[in-house]
Structure formats: structure tokens, C-alpha cells
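Heads up, run-v9.cif below (mmCIF, C-alpha atoms):
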data_my_file
#
loop_
_atom_site.group_PDB
_atom_site.id
_atom_site.type_symbol
_atom_site.label_atom_id
_atom_site.label_comp_id
_atom_site.auth_asym_id
_atom_site.auth_seq_id
_atom_site.Cartn_x
_atom_site.Cartn_y
_atom_site.Cartn_z
ATOM 1 C CA MET A 166 67.114 119.773 133.153
ATOM 2 C CA SER A 167 70.718 120.906 133.505
ATOM 3 C CA ASP A 168 72.279 123.788 131.599
ATOM 4 C CA VAL A 169 74.641 121.396 129.844
ATOM 5 C CA VAL A 170 71.777 119.310 128.438
ATOM 6 C CA ILE A 171 69.980 122.439 127.199
ATOM 7 C CA GLU A 172 73.161 123.842 125.616
ATOM 8 C CA ARG A 173 73.963 120.554 123.917
ATOM 9 C CA GLY A 174 70.369 120.178 122.742
ATOM 10 C CA ILE A 175 70.383 123.645 121.171
ATOM 11 C CA ALA A 176 73.797 122.980 119.623
ATOM 12 C CA PHE A 177 72.599 119.624 118.249
ATOM 13 C CA LEU A 178 69.399 120.945 116.653
ATOM 14 C CA GLY A 179 71.078 124.152 115.494
ATOM 15 C CA ALA A 180 73.984 122.272 113.920
ATOM 16 C CA ILE A 181 71.593 120.092 111.907
ATOM 17 C CA LEU A 182 69.510 123.075 110.785
ATOM 18 C CA VAL A 183 72.416 125.379 109.953
ATOM 19 C CA GLY A 184 74.560 122.616 108.475
ATOM 20 C CA ILE A 185 71.847 121.388 106.120
ATOM 21 C CA THR A 186 71.018 124.966 105.102
ATOM 22 C CA ALA A 187 74.685 125.689 104.394
ATOM 23 C CA ILE A 188 75.014 122.549 102.268
ATOM 24 C CA VAL A 189 71.818 123.356 100.332
ATOM 25 C CA GLN A 190 73.081 126.893 99.686
ATOM 26 C CA LEU A 191 76.422 125.485 98.585
ATOM 27 C CA LYS A 192 74.616 123.166 96.162
ATOM 28 C CA ASN A 193 72.462 126.029 94.838
ATOM 29 C CA ASP A 194 75.517 128.255 94.292
ATOM 30 C CA TRP A 195 77.614 125.507 92.759
ATOM 31 C CA ALA A 196 76.962 126.747 89.213
ATOM 32 C CA ALA A 197 77.842 130.360 90.041
ATOM 33 C CA ARG A 198 81.115 131.609 88.558
ATOM 34 C CA GLY A 199 83.572 134.301 89.600
ATOM 35 C CA LEU A 200 86.074 134.983 92.368
ATOM 36 C CA ASP A 201 83.420 136.012 94.896
ATOM 37 C CA ALA A 202 81.370 132.885 94.171
ATOM 38 C CA GLY A 203 84.470 130.698 94.511
ATOM 39 C CA VAL A 204 85.461 132.210 97.852
ATOM 40 C CA THR A 205 81.876 131.960 99.081
ATOM 41 C CA LYS A 206 81.748 128.265 98.175
ATOM 42 C CA VAL A 207 84.963 127.544 100.097
ATOM 43 C CA LEU A 208 83.742 129.478 103.128
ATOM 44 C CA LEU A 209 80.274 127.842 103.059
ATOM 45 C CA GLY A 210 81.928 124.420 102.877
ATOM 46 C CA LEU A 211 84.125 125.190 105.879
ATOM 47 C CA MET A 212 81.098 126.502 107.768
ATOM 48 C CA ALA A 213 79.280 123.229 107.089
ATOM 49 C CA LEU A 214 82.359 121.445 108.456
ATOM 50 C CA GLY A 215 82.083 123.627 111.565
ATOM 51 C CA CYS A 216 78.489 122.493 111.977
ATOM 52 C CA VAL A 217 79.584 118.857 111.811
ATOM 53 C CA ILE A 218 82.213 119.513 114.504
ATOM 54 C CA ALA A 219 79.650 121.284 116.701
ATOM 55 C CA LEU A 220 77.183 118.424 116.155
ATOM 56 C CA LEU A 221 79.745 115.819 117.192
ATOM 57 C CA ALA A 222 80.681 117.945 120.208
ATOM 58 C CA ALA A 223 77.009 118.204 121.178
ATOM 59 C CA VAL A 224 76.626 114.409 121.237
ATOM 60 C CA ASN A 225 79.895 113.960 123.166
ATOM 61 C CA VAL A 226 81.828 112.331 120.334
ATOM 62 C CA LEU A 227 84.343 115.190 120.155
ATOM 63 C CA GLY A 228 85.687 117.338 122.974
ATOM 64 C CA VAL A 229 85.286 114.664 125.652
ATOM 65 C CA ARG A 230 87.467 115.578 128.652
ATOM 66 C CA THR A 231 88.614 112.790 130.957
ATOM 67 C CA MET B 171 62.544 118.527 89.252
ATOM 68 C CA ALA B 172 63.910 119.370 85.800
ATOM 69 C CA ALA B 173 61.735 122.467 85.712
ATOM 70 C CA THR B 174 63.115 123.579 89.076
ATOM 71 C CA ALA B 175 66.694 123.095 87.891
ATOM 72 C CA THR B 176 65.976 125.111 84.776
ATOM 73 C CA GLN B 177 64.428 127.908 86.830
ATOM 74 C CA ARG B 178 67.448 127.922 89.139
ATOM 75 C CA LEU B 179 69.891 128.078 86.248
ATOM 76 C CA SER B 180 67.919 130.800 84.567
ATOM 77 C CA GLY B 181 67.874 132.636 87.910
ATOM 78 C CA HIS B 182 71.682 132.494 87.998
ATOM 79 C CA ASP B 183 71.809 133.683 84.397
ATOM 80 C CA VAL B 184 69.445 136.580 85.082
ATOM 81 C CA ILE B 185 71.516 137.723 88.057
ATOM 82 C CA ALA B 186 74.776 137.288 86.136
ATOM 83 C CA ALA B 187 73.413 139.280 83.204
ATOM 84 C CA ARG B 188 72.307 142.112 85.495
ATOM 85 C CA TYR B 189 75.634 141.947 87.364
ATOM 86 C CA HIS B 190 77.594 142.426 84.125
ATOM 87 C CA ASP B 191 75.234 145.031 82.727
ATOM 88 C CA VAL B 192 77.173 147.965 84.157
ATOM 89 C CA ASP B 193 79.500 150.556 82.704
ATOM 90 C CA PRO B 194 82.982 149.147 81.867
ATOM 91 C CA VAL B 195 84.772 151.410 84.334
ATOM 92 C CA TYR B 196 82.628 150.201 87.226
ATOM 93 C CA ALA B 197 83.009 146.566 86.148
ATOM 94 C CA GLU B 198 86.806 146.896 86.075
ATOM 95 C CA THR B 199 87.078 148.665 89.415
ATOM 96 C CA ARG B 200 84.659 146.135 90.955
ATOM 97 C CA ASP B 201 86.909 143.263 89.917
ATOM 98 C CA LEU B 202 89.979 145.045 91.280
ATOM 99 C CA ARG B 203 88.217 145.911 94.530
ATOM 100 C CA LEU B 204 87.109 142.311 94.898
ATOM 101 C CA LEU B 205 90.648 141.082 94.356
ATOM 102 C CA GLY B 206 91.920 143.625 96.881
ATOM 103 C CA PHE B 207 89.299 142.522 99.395
ATOM 104 C CA VAL B 208 90.227 138.858 98.956
ATOM 105 C CA PHE B 209 93.880 139.831 99.559
ATOM 106 C CA PHE B 210 92.779 141.640 102.710
ATOM 107 C CA LEU B 211 91.020 138.468 103.902
ATOM 108 C CA LEU B 212 94.145 136.445 103.090
ATOM 109 C CA SER B 213 96.296 138.852 105.112
ATOM 110 C CA ASP B 214 93.857 138.485 108.015
ATOM 111 C CA CYS B 215 94.151 134.737 107.548
ATOM 112 C CA ILE B 216 97.935 135.020 107.958
ATOM 113 C CA LEU B 217 97.454 137.103 111.113
ATOM 114 C CA PHE B 218 95.248 134.447 112.701
ATOM 115 C CA SER B 219 97.490 131.634 111.420
ATOM 116 C CA SER B 220 100.498 133.188 113.176
ATOM 117 C CA PHE B 221 98.742 133.224 116.532
ATOM 118 C CA ILE B 222 97.253 129.764 115.958
ATOM 119 C CA PHE B 223 100.680 128.275 115.189
ATOM 120 C CA ALA B 224 102.069 129.966 118.311
ATOM 121 C CA TYR B 225 99.279 128.388 120.367
ATOM 122 C CA VAL B 226 99.807 124.941 118.826
ATOM 123 C CA TYR B 227 103.561 125.170 119.451
ATOM 124 C CA LEU B 228 103.087 126.254 123.069
ATOM 125 C CA ARG B 229 100.556 123.505 123.644
ATOM 126 C CA ILE B 230 102.494 120.594 122.196
ATOM 127 C CA SER B 231 105.678 121.696 123.958
ATOM 128 C CA ALA B 232 103.984 122.002 127.352
ATOM 129 C CA PRO B 233 104.618 119.117 129.800
ATOM 130 C CA ALA B 234 100.893 118.945 130.672
ATOM 131 C CA TRP B 235 97.701 120.423 129.243
ATOM 132 C CA PRO B 236 95.836 122.192 130.708
ATOM 133 C CA PRO B 237 98.934 123.618 132.392
ATOM 134 C CA PHE B 238 99.418 123.857 136.139
ATOM 135 C CA LEU B 239 99.238 127.153 138.001
ATOM 136 C CA ASN B 240 100.273 127.315 141.662
ATOM 137 C CA GLY B 241 100.117 123.539 141.912
ATOM 138 C CA HIS B 242 96.603 123.228 140.473
ATOM 139 C CA GLN B 243 95.741 122.126 136.958
ATOM 140 C CA LEU B 244 93.639 124.671 135.097
ATOM 141 C CA PRO B 245 90.143 123.597 133.965
ATOM 142 C CA TRP B 246 89.192 122.702 130.399
ATOM 143 C CA PHE B 247 87.015 125.156 128.542
ATOM 144 C CA ASP B 248 83.241 124.557 128.508
ATOM 145 C CA THR B 249 82.583 122.644 125.275
ATOM 146 C CA SER B 250 78.795 122.520 125.501
ATOM 147 C CA PHE B 251 78.302 126.265 125.857
ATOM 148 C CA ALA B 252 80.873 126.938 123.139
ATOM 149 C CA ALA B 253 79.107 124.500 120.783
ATOM 150 C CA MET B 254 75.842 126.372 121.287
ATOM 151 C CA ASN B 255 77.517 129.753 120.824
ATOM 152 C CA SER B 256 79.285 128.471 117.690
ATOM 153 C CA ILE B 257 75.947 127.551 116.163
ATOM 154 C CA VAL B 258 74.730 131.099 116.829
ATOM 155 C CA LEU B 259 77.675 132.412 114.792
ATOM 156 C CA PHE B 260 77.382 129.798 112.033
ATOM 157 C CA GLY B 261 73.663 130.550 111.837
ATOM 158 C CA SER B 262 74.490 134.199 111.279
ATOM 159 C CA GLY B 263 76.610 133.151 108.291
ATOM 160 C CA VAL B 264 73.600 131.455 106.741
ATOM 161 C CA THR B 265 71.316 134.438 107.396
ATOM 162 C CA MET B 266 73.894 136.770 105.813
ATOM 163 C CA HIS B 267 74.025 134.530 102.777
ATOM 164 C CA PHE B 268 70.217 134.703 102.543
ATOM 165 C CA ALA B 269 70.385 138.505 102.859
ATOM 166 C CA LEU B 270 72.718 138.823 99.863
ATOM 167 C CA GLU B 271 70.703 136.314 97.824
ATOM 168 C CA ASN B 272 67.545 138.327 98.469
ATOM 169 C CA TRP B 273 69.301 141.507 97.394
ATOM 170 C CA LYS B 274 70.336 139.775 94.175
ATOM 171 C CA HIS B 275 66.730 138.670 93.649
ATOM 172 C CA LEU B 276 65.547 142.261 94.249
ATOM 173 C CA ASN B 277 63.663 141.437 97.438
ATOM 174 C CA LYS B 278 64.592 144.353 99.674
ATOM 175 C CA ALA B 279 62.187 143.555 102.524
ATOM 176 C CA LYS B 280 63.614 140.060 102.973
ATOM 177 C CA PHE B 281 67.134 141.441 102.587
ATOM 178 C CA ASN B 282 66.508 143.763 105.524
ATOM 179 C CA ALA B 283 64.978 140.998 107.635
ATOM 180 C CA TRP B 284 67.881 138.595 107.077
ATOM 181 C CA LEU B 285 70.454 141.354 107.626
ATOM 182 C CA VAL B 286 68.862 142.303 110.946
ATOM 183 C CA ALA B 287 68.806 138.614 111.910
ATOM 184 C CA THR B 288 72.533 138.432 111.110
ATOM 185 C CA ILE B 289 73.322 141.467 113.231
ATOM 186 C CA VAL B 290 71.233 140.140 116.141
ATOM 187 C CA LEU B 291 72.963 136.743 115.978
ATOM 188 C CA GLY B 292 76.360 138.470 115.804
ATOM 189 C CA ILE B 293 75.549 140.468 118.940
ATOM 190 C CA GLY B 294 74.271 137.254 120.543
ATOM 191 C CA PHE B 295 77.607 135.566 119.854
ATOM 192 C CA LEU B 296 79.487 138.501 121.393
ATOM 193 C CA LEU B 297 77.308 138.348 124.506
ATOM 194 C CA GLY B 298 78.003 134.615 124.670
ATOM 195 C CA GLN B 299 81.732 135.301 124.515
ATOM 196 C CA ALA B 300 81.391 137.909 127.264
ATOM 197 C CA HIS B 301 79.617 135.288 129.403
ATOM 198 C CA GLU B 302 82.360 132.769 128.600
ATOM 199 C CA TYR B 303 85.036 135.239 129.702
ATOM 200 C CA SER B 304 83.214 135.872 132.977
ATOM 201 C CA VAL B 305 83.044 132.182 133.951
ATOM 202 C CA VAL B 306 86.123 130.694 132.275
ATOM 203 C CA GLY B 307 88.178 130.652 135.479
ATOM 204 C CA ILE B 308 91.521 131.680 133.975
ATOM 205 C CA SER B 309 93.091 135.043 133.232
ATOM 206 C CA TRP B 310 95.161 136.537 130.447
ATOM 207 C CA THR B 311 98.319 136.488 132.582
ATOM 208 C CA GLY B 312 100.097 133.625 134.271
ATOM 209 C CA THR B 313 99.706 130.813 131.750
ATOM 210 C CA THR B 314 100.205 130.259 128.051
ATOM 211 C CA MET B 315 96.712 128.744 127.952
ATOM 212 C CA GLY B 316 95.039 131.913 129.187
ATOM 213 C CA ALA B 317 97.232 134.185 127.075
ATOM 214 C CA SER B 318 96.541 132.184 123.913
ATOM 215 C CA PHE B 319 92.835 131.871 124.609
ATOM 216 C CA PHE B 320 92.195 135.532 125.325
ATOM 217 C CA THR B 321 94.464 136.757 122.522
ATOM 218 C CA LEU B 322 92.916 134.577 119.816
ATOM 219 C CA THR B 323 89.278 134.690 120.906
ATOM 220 C CA GLY B 324 89.623 138.387 121.754
ATOM 221 C CA MET B 325 91.030 139.137 118.329
ATOM 222 C CA HIS B 326 88.223 137.132 116.755
ATOM 223 C CA GLY B 327 85.637 138.852 118.949
ATOM 224 C CA PHE B 328 86.986 142.205 117.806
ATOM 225 C CA HIS B 329 86.518 141.066 114.206
ATOM 226 C CA VAL B 330 82.921 140.077 114.985
ATOM 227 C CA PHE B 331 82.339 143.462 116.648
ATOM 228 C CA VAL B 332 83.742 145.263 113.597
ATOM 229 C CA GLY B 333 81.600 142.997 111.408
ATOM 230 C CA VAL B 334 78.450 143.947 113.298
ATOM 231 C CA LEU B 335 79.267 147.636 112.779
ATOM 232 C CA TYR B 336 80.150 146.955 109.137
ATOM 233 C CA LEU B 337 76.851 145.168 108.461
ATOM 234 C CA THR B 338 74.895 147.904 110.232
ATOM 235 C CA ILE B 339 76.503 150.534 107.998
ATOM 236 C CA LEU B 340 75.870 148.382 104.916
ATOM 237 C CA GLY B 341 72.209 148.086 105.920
ATOM 238 C CA LEU B 342 71.901 151.848 106.302
ATOM 239 C CA GLN B 343 73.634 152.409 102.965
ATOM 240 C CA ALA B 344 71.428 149.855 101.215
ATOM 241 C CA ASN B 345 68.291 151.550 102.495
ATOM 242 C CA ARG B 346 69.574 154.962 101.421
ATOM 243 C CA GLY B 347 70.009 153.755 97.852
ATOM 244 C CA THR B 348 73.803 153.441 97.780
ATOM 245 C CA TYR B 349 73.507 150.015 96.147
ATOM 246 C CA THR B 350 71.468 149.070 93.110
ATOM 247 C CA ASP B 351 70.374 145.812 91.509
ATOM 248 C CA SER B 352 73.635 145.659 89.496
ATOM 249 C CA LYS B 353 76.051 147.616 91.706
ATOM 250 C CA TYR B 354 76.302 146.057 95.152
ATOM 251 C CA PHE B 355 79.964 145.266 95.693
ATOM 252 C CA GLY B 356 79.810 146.538 99.290
ATOM 253 C CA LEU B 357 77.209 143.912 100.168
ATOM 254 C CA THR B 358 79.272 141.181 98.512
ATOM 255 C CA ALA B 359 82.357 142.264 100.479
ATOM 256 C CA GLY B 360 80.364 142.388 103.720
ATOM 257 C CA THR B 361 79.077 138.869 103.145
ATOM 258 C CA LEU B 362 82.569 137.553 102.393
ATOM 259 C CA TYR B 363 83.917 139.231 105.530
ATOM 260 C CA TRP B 364 81.165 137.700 107.675
ATOM 261 C CA HIS B 365 81.700 134.216 106.226
ATOM 262 C CA PHE B 366 85.434 134.638 106.872
ATOM 263 C CA VAL B 367 84.796 135.525 110.523
ATOM 264 C CA ASP B 368 82.588 132.412 110.811
ATOM 265 C CA VAL B 369 85.238 130.168 109.341
ATOM 266 C CA ILE B 370 87.985 131.499 111.620
ATOM 267 C CA TRP B 371 85.762 130.487 114.536
ATOM 268 C CA VAL B 372 85.572 126.914 113.185
ATOM 269 C CA PHE B 373 89.308 126.627 113.727
ATOM 270 C CA LEU B 374 89.297 128.396 117.120
ATOM 271 C CA PHE B 375 86.387 126.271 118.337
ATOM 272 C CA PHE B 376 88.247 123.114 117.373
ATOM 273 C CA LEU B 377 91.559 124.225 118.886
ATOM 274 C CA PHE B 378 90.270 125.459 122.236
ATOM 275 C CA TYR B 379 87.194 123.340 122.901
ATOM 276 C CA ILE B 380 87.636 120.078 120.997
ATOM 277 C CA TRP B 381 91.370 119.337 120.804
#
Kindly transcribe the structure held in the file into C-alpha cells.
Amino acid sequence: MSDVVIERGIAFLGAILVGITAIVQLKNDWAARGLDAGVTKVLLGLMALGCVIALLAAVNVLGVRT
Amino acid sequence: MAATATQRLSGHDVIAARYHDVDPVYAETRDLRLLGFVFFLLSDCILFSSFIFAYVYLRISAPAWPPFLNGHQLPWFDTSFAAMNSIVLFGSGVTMHFALENWKHLNKAKFNAWLVATIVLGIGFLLGQAHEYSVVGISWTGTTMGASFFTLTGMHGFHVFVGVLYLTILGLQANRGTYTDSKYFGLTAGTLYWHFVDVIWVFLFFLFYIW
């Protein structure tokens, strides 16, 4: 198995795991109030977006070089 | 399901009540320190934005990308390795979030475990970046691509390095009793900083490895 397949496999599984966890945490913290909670929610949302990008890169939808 | 939601809400209420149950002077300075810290993160955001806009400008005004050096076109960056390394960093954001949540729920053992996991993942990301630098096939000098890449990812890597030190110090302080169940602003700031470093990487990952 090539290094690329292993790297993409880890990225794929990790993106699902981390992305879902980030979204669940975002949902759990949704009711929290305050500046720190607000900033945390924005940052968790962007991190979940990062997981989606990494997931799409892992399955060759994004970052395809011709 | 309803019972779980009630427990969760009551959990938030319990933490909020404990959080506000401090002397007025501390509560006021905590709010000001938090505001100051958010301004610090915003200023860091402007720093990264400046370099990112410079990179975007250089890239869209270049006749070809990757640019040519000595008649040869430079290689693209390795997306698959970067995707894996990104997940290491994003994972550390989640573990840091768990660490703070466990502190809020007065579970010190789990706090320590998640904090150590965060630090280990942060070091793992830095080692991944070091590997990337060793195989990337371009240098800082000679092309705008190399200069932009090493400047931005180097600056981000420095932030991760500082974050690892920061979290280590926070862990030591927490175990020495610096923070209590109602006074833990340092841990909140550390978590915000680490999330910020994660989010900056989302943009860098997209710009260098996806775009």
C-alpha cells in the first residue's frame, strides 16, 4: 500500500471523527452565553469546515492537480 | 431524550453559576482580560490576513502557477500528507476543547489526559511540518511561491510552537492550584488561542494545498 493511500485513509477517517466531534461540541455549547462562548462557537464551526475540506481532499474531490 | 437535554441545560447553568460566583473585582478584570485577549487574537488575524492577501495577489498576478525557476515548473505541494497533518492539528483542537470542558466539570484527571493529548498532537503537527519542509523541493529564496509558503507556514508553525509551550505552562499551573473551579481564565484563553491556531491552518491548508 502506497504512502499516499495511507495518508489519505488517515485523513479521511480522522476528518469524519474530528468533524463529527466538533459539530457535536458546537451543538452542546450552543446554549452557552458570553464572549468566550461566542468566539469558541465561531472557531469550532470553522474547524468543522476545515474537516470537510480535508475530507474532500482525502477523496480527491479538492486539491486535484492536473 | 428530554431528560438528557434537561441535564445538559442544568449542567450549563451549574457551570455558569459557579463561573459568576466570584468576587466582583475578579469578575470585572476577567471580562476585561477576555476582551483584551480577543483583541490580541484579532490583531494576530490581521497579521496573517496581510500575508495571505500578499500571497493571493502574487499568485493571481503570476503568469503561471506553480511558477517557473530556471526553466522548470516548481512542483505542487503534497495534498495527501498535508490533509493528514491537518487532521492531527484539528484533532488537537477537539482534545483541547474536551480538556477545558472537563476542567469546568471538575474532572481534573480527564483534564490532564486531554491536555497532554493536545500537546502531543501539537508536537506531532510540528514534526509533520518539519517533514514537509524537508521534502517540499523548494526553498525560501528564488520564487514568490517558496517565500510565501515558508513565511506563512513558518509563522503559523511558530504560533503552534508557542501554543505548545503555553499549554504546557497552563498544565503545570493548573496542577499547582493556580486555577480553581470558578477562576480559570488562563485555561479559557489557552483554549481560544489553540482554536485560533487551528482555524488559521484551515485557511493556509486551503490556500497552499487545495487552491
Inset, instruction - May I have the residues of chain A within 9 Å of chain B, counting all atoms listed in the file, written as a VMD selection string? - result: chain A and resid 168 to 177 179 to 180 182 to 184 186 to 187 190 193 to 194 196 to 198 200 to 201 204 to 205 208 to 209 211 to 216 218 to 220 222 to 223 225 227 to 230
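With atom CA of B:Ser318 on one side and atom CA of B:Tyr303 on the other, the separation reads 13.2 Å.
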Inset, instruction - Around the point (99.5, 124.6, 122.3) in the file's coordinates, collect all residues with an atom within 10 Å, using only C-alpha atoms, and return them as a PyMOL selection string. - result: chain B and resi 222-232+235-236+314-315+318+377-378+381
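Atom pair atom CA of B:Ser309 / atom CA of B:Leu296: separated by 18.4 Å.
Take atom CA of B:Thr321 and atom CA of B:Leu211: the distance between them is 19.0 Å.
If all atoms listed in the file are the atoms counted, then among A:Leu221, A:Gly210, A:Gly199, A:Val226 the closest residue to B:Arg200 is A:Gly199.
Listed by chain and then by number, the residues chosen by the PyMOL selection byres ((chain B and resi 338) around 12) in this file are Asn282, Leu285, Val286, Ala287, Thr288, Ile289, Val290, Gly292, Ile293, Phe331, Val332, Gly333, Val334, Leu335, Tyr336, Leu337, Ile339, Leu340, Gly341, Leu342, Gln343, Ala344, Asn345, Leu357 and Gly360 of chain B.
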Just write the chosen residues, C-alpha atoms, as a PDB file, keeping the file's coordinate frame.
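The resulting file, selection_28.pdb, is shown below:
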ATOM      1  CA  ASN B 282      66.508 143.763 105.524  1.00  0.00           C
ATOM      2  CA  LEU B 285      70.454 141.354 107.626  1.00  0.00           C
ATOM      3  CA  VAL B 286      68.862 142.303 110.946  1.00  0.00           C
ATOM      4  CA  ALA B 287      68.806 138.614 111.910  1.00  0.00           C
ATOM      5  CA  THR B 288      72.533 138.432 111.110  1.00  0.00           C
ATOM      6  CA  ILE B 289      73.322 141.467 113.231  1.00  0.00           C
ATOM      7  CA  VAL B 290      71.233 140.140 116.141  1.00  0.00           C
ATOM      8  CA  GLY B 292      76.360 138.470 115.804  1.00  0.00           C
ATOM      9  CA  ILE B 293      75.549 140.468 118.940  1.00  0.00           C
ATOM     10  CA  PHE B 331      82.339 143.462 116.648  1.00  0.00           C
ATOM     11  CA  VAL B 332      83.742 145.263 113.597  1.00  0.00           C
ATOM     12  CA  GLY B 333      81.600 142.997 111.408  1.00  0.00           C
ATOM     13  CA  VAL B 334      78.450 143.947 113.298  1.00  0.00           C
ATOM     14  CA  LEU B 335      79.267 147.636 112.779  1.00  0.00           C
ATOM     15  CA  TYR B 336      80.150 146.955 109.137  1.00  0.00           C
ATOM     16  CA  LEU B 337      76.851 145.168 108.461  1.00  0.00           C
ATOM     17  CA  ILE B 339      76.503 150.534 107.998  1.00  0.00           C
ATOM     18  CA  LEU B 340      75.870 148.382 104.916  1.00  0.00           C
ATOM     19  CA  GLY B 341      72.209 148.086 105.920  1.00  0.00           C
ATOM     20  CA  LEU B 342      71.901 151.848 106.302  1.00  0.00           C
ATOM     21  CA  GLN B 343      73.634 152.409 102.965  1.00  0.00           C
ATOM     22  CA  ALA B 344      71.428 149.855 101.215  1.00  0.00           C
ATOM     23  CA  ASN B 345      68.291 151.550 102.495  1.00  0.00           C
ATOM     24  CA  LEU B 357      77.209 143.912 100.168  1.00  0.00           C
ATOM     25  CA  GLY B 360      80.364 142.388 103.720  1.00  0.00           C
TER      26      GLY B 360
END
Once 3 Å is added on each side, what centre and edge lengths in Å to one decimal does the axis-aligned box around all listed atoms of stretch 188-203 of chain A have, as lines of an AutoDock Vina configuration file?
center_x = 78.9
center_y = 129.3
center_z = 95.4
size_x = 20.3
size_y = 19.5
size_z = 19.7
